[in-house]
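Structure first, then comments.
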Amino acid sequence: MPSEARQNLFRLMKFNAVGGIGIGVQLVALAIFRSWMQLDYLLATGLAVEIAVIHNFLWHARFTWADRPALRRGHLLLRLAKFNASNGAVSMVGNLVLMRLLVGEVKLNYVASNVIAIVICSLVNFLLSDRFVFEAEAKPAAISS
């Protein structure tokens, strides 16, 4: 397997590992917000999703795409905004649309449908993260005299 393909496969494995941990973070946050803090379930869900998105972003920045650090001031915040806008939207909209299609129309089991939705959204999110959020930043050219 060529080196670039191997690197992309390894990065995809890291991406999925972080995402798997993020699912746990989201569930724990949801339980805290809903059960302990007695927040409305929709507010609790929204807060839990955002905590998981921020968790995943920070780990992706330091672990999954550690070889592509933010080189300019403010670039990390720009990446966070891009991650929220892309991965957050794909996860929310993609899961809802795919679940409606697979469960509502195709009549698949809801658990199997959710696994399919997670896999599809994960692949789209990986590509968005790799090509849009954590794109390699051009290094400033050295000034020659």
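Chain identifiers are assigned as A, B, and so on, following the order in which chains appear in the structure tokens; residues are numbered from 1 within each chain, and ligands are numbered from 1 in order of appearance.
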Do a neighbour search on A:Ser113 at 12 Å with only C-alpha atoms, toss out local chain neighbours closer than 2 positions, and write the hits as a VMD selection string.
-> chain A and resid 94 to 111 115 to 120
Go ahead and write the residues just picked, C-alpha atoms, as a short mmCIF file (atom, residue, chain, number, x, y, z; two decimals), in the first residue's frame.
```
data_model
loop_
_atom_site.label_atom_id
_atom_site.label_comp_id
_atom_site.auth_asym_id
_atom_site.auth_seq_id
_atom_site.Cartn_x
_atom_site.Cartn_y
_atom_site.Cartn_z
CA GLY A 94 -27.48 13.44 7.93
CA ASN A 95 -28.61 11.26 10.82
CA LEU A 96 -32.14 12.65 10.78
CA VAL A 97 -32.56 12.33 7.00
CA LEU A 98 -31.04 8.85 6.82
CA MET A 99 -33.06 7.60 9.79
CA ARG A 100 -36.27 8.94 8.19
CA LEU A 101 -35.40 7.22 4.92
CA LEU A 102 -34.13 3.91 6.32
CA VAL A 103 -36.64 3.45 9.14
CA GLY A 104 -39.61 5.41 7.80
CA GLU A 105 -39.49 4.38 4.16
CA VAL A 106 -37.33 1.25 3.84
CA LYS A 107 -38.61 -0.13 7.19
CA LEU A 108 -35.17 -1.23 8.44
CA ASN A 109 -34.59 -1.81 12.14
CA TYR A 110 -33.84 1.50 13.88
CA VAL A 111 -30.58 0.28 15.45
CA VAL A 115 -25.35 2.27 12.52
CA ILE A 116 -25.64 2.84 8.75
CA ALA A 117 -26.30 6.56 9.30
CA ILE A 118 -23.31 6.88 11.65
CA VAL A 119 -21.00 5.15 9.15
CA ILE A 120 -22.15 7.29 6.21
#
```
Test item, alpha helix (DSSP H) assignment across chain A, answer as a ChimeraX atom specification | /A:3-31,41-59,75-83,89-99,110-128
A straight line from atom CA of A:Asn16 to atom CA of A:Phe33 spans 25.3 Å
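Closest approach to A:Ala81 among A:Cys121, A:Val28, A:Phe132, A:Val49 is made by A:Phe132 (distances from only C-alpha atoms).
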For A:His75, which residue out of A:Ala61, A:Val93, A:Ile23, A:Leu127 is the nearest one, using only C-alpha atoms?
-> A:Ala61
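Of the listed residues A:Arg11, A:Ala70, A:Val133, A:Met37, the one whose atoms come nearest to A:Asn84 is A:Val133, with distances taken using only C-alpha atoms.
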Test item: residues at most 12 Å from A:Arg131, only C-alpha atoms, excluding those fewer than 4 positions along its chain, as a VMD selection string = chain A and resid 8 65 68 79 82 to 83 86 124 to 127 135 to 137
Writer output for current selection, N, CA and C atoms, as an mmCIF file, in the first residue's frame:
```cif
data_model
loop_
_atom_site.group_PDB
_atom_site.id
_atom_site.type_symbol
_atom_site.label_atom_id
_atom_site.label_comp_id
_atom_site.auth_asym_id
_atom_site.auth_seq_id
_atom_site.Cartn_x
_atom_site.Cartn_y
_atom_site.Cartn_z
ATOM 1 N N ASN A 8 -3.610 7.915 5.098
ATOM 2 C CA ASN A 8 -5.034 8.233 5.122
ATOM 3 C C ASN A 8 -5.833 7.178 5.880
ATOM 4 N N TRP A 65 -5.023 15.129 13.200
ATOM 5 C CA TRP A 65 -4.324 15.995 12.241
ATOM 6 C C TRP A 65 -3.207 16.767 12.924
ATOM 7 N N ARG A 68 -0.745 18.788 10.876
ATOM 8 C CA ARG A 68 -1.213 20.000 10.200
ATOM 9 C C ARG A 68 -1.601 21.059 11.234
ATOM 10 N N ARG A 79 -10.815 27.114 12.480
ATOM 11 C CA ARG A 79 -11.014 25.674 12.281
ATOM 12 C C ARG A 79 -12.158 25.146 13.136
ATOM 13 N N LYS A 82 -15.328 26.106 11.453
ATOM 14 C CA LYS A 82 -15.527 25.268 10.265
ATOM 15 C C LYS A 82 -15.943 23.849 10.657
ATOM 16 N N PHE A 83 -15.372 23.340 11.726
ATOM 17 C CA PHE A 83 -15.707 21.995 12.199
ATOM 18 C C PHE A 83 -17.154 21.949 12.676
ATOM 19 N N SER A 86 -19.464 22.263 9.555
ATOM 20 C CA SER A 86 -19.464 21.124 8.633
ATOM 21 C C SER A 86 -19.825 19.823 9.343
ATOM 22 N N VAL A 124 -18.385 11.076 5.459
ATOM 23 C CA VAL A 124 -18.525 12.446 4.948
ATOM 24 C C VAL A 124 -17.785 13.423 5.864
ATOM 25 N N ASN A 125 -17.939 13.263 7.175
ATOM 26 C CA ASN A 125 -17.263 14.148 8.131
ATOM 27 C C ASN A 125 -15.752 14.023 8.043
ATOM 28 N N PHE A 126 -15.254 12.812 7.826
ATOM 29 C CA PHE A 126 -13.805 12.634 7.679
ATOM 30 C C PHE A 126 -13.301 13.422 6.470
ATOM 31 N N LEU A 127 -13.985 13.294 5.346
ATOM 32 C CA LEU A 127 -13.563 14.018 4.141
ATOM 33 C C LEU A 127 -13.645 15.526 4.347
ATOM 34 N N GLU A 135 -7.253 21.451 6.509
ATOM 35 C CA GLU A 135 -6.435 21.499 5.301
ATOM 36 C C GLU A 135 -5.041 22.000 5.661
ATOM 37 N N ALA A 136 -4.071 21.508 4.933
ATOM 38 C CA ALA A 136 -2.684 21.908 5.201
ATOM 39 C C ALA A 136 -2.559 23.408 4.931
ATOM 40 N N GLU A 137 -2.070 24.111 5.913
ATOM 41 C CA GLU A 137 -1.888 25.551 5.797
ATOM 42 C C GLU A 137 -0.558 25.827 5.113
#
```
Best match for closeness to A:Gly46 among A:Phe15, A:Gly24, A:Leu30, A:Asp67, counting only C-alpha atoms = A:Leu30
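A straight line drawn from atom CA of A:Asn87 to atom CA of A:Val25 is 16.3 Å long.
Each of A:Gly74, A:Gly20, A:Pro2, A:Gly88 was compared to A:Leu128 using only C-alpha atoms, and A:Gly88 turns out to be the nearest.
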Separation of atom CA of A:Ala17 from atom CA of A:His55 in Å = 12.4 Å
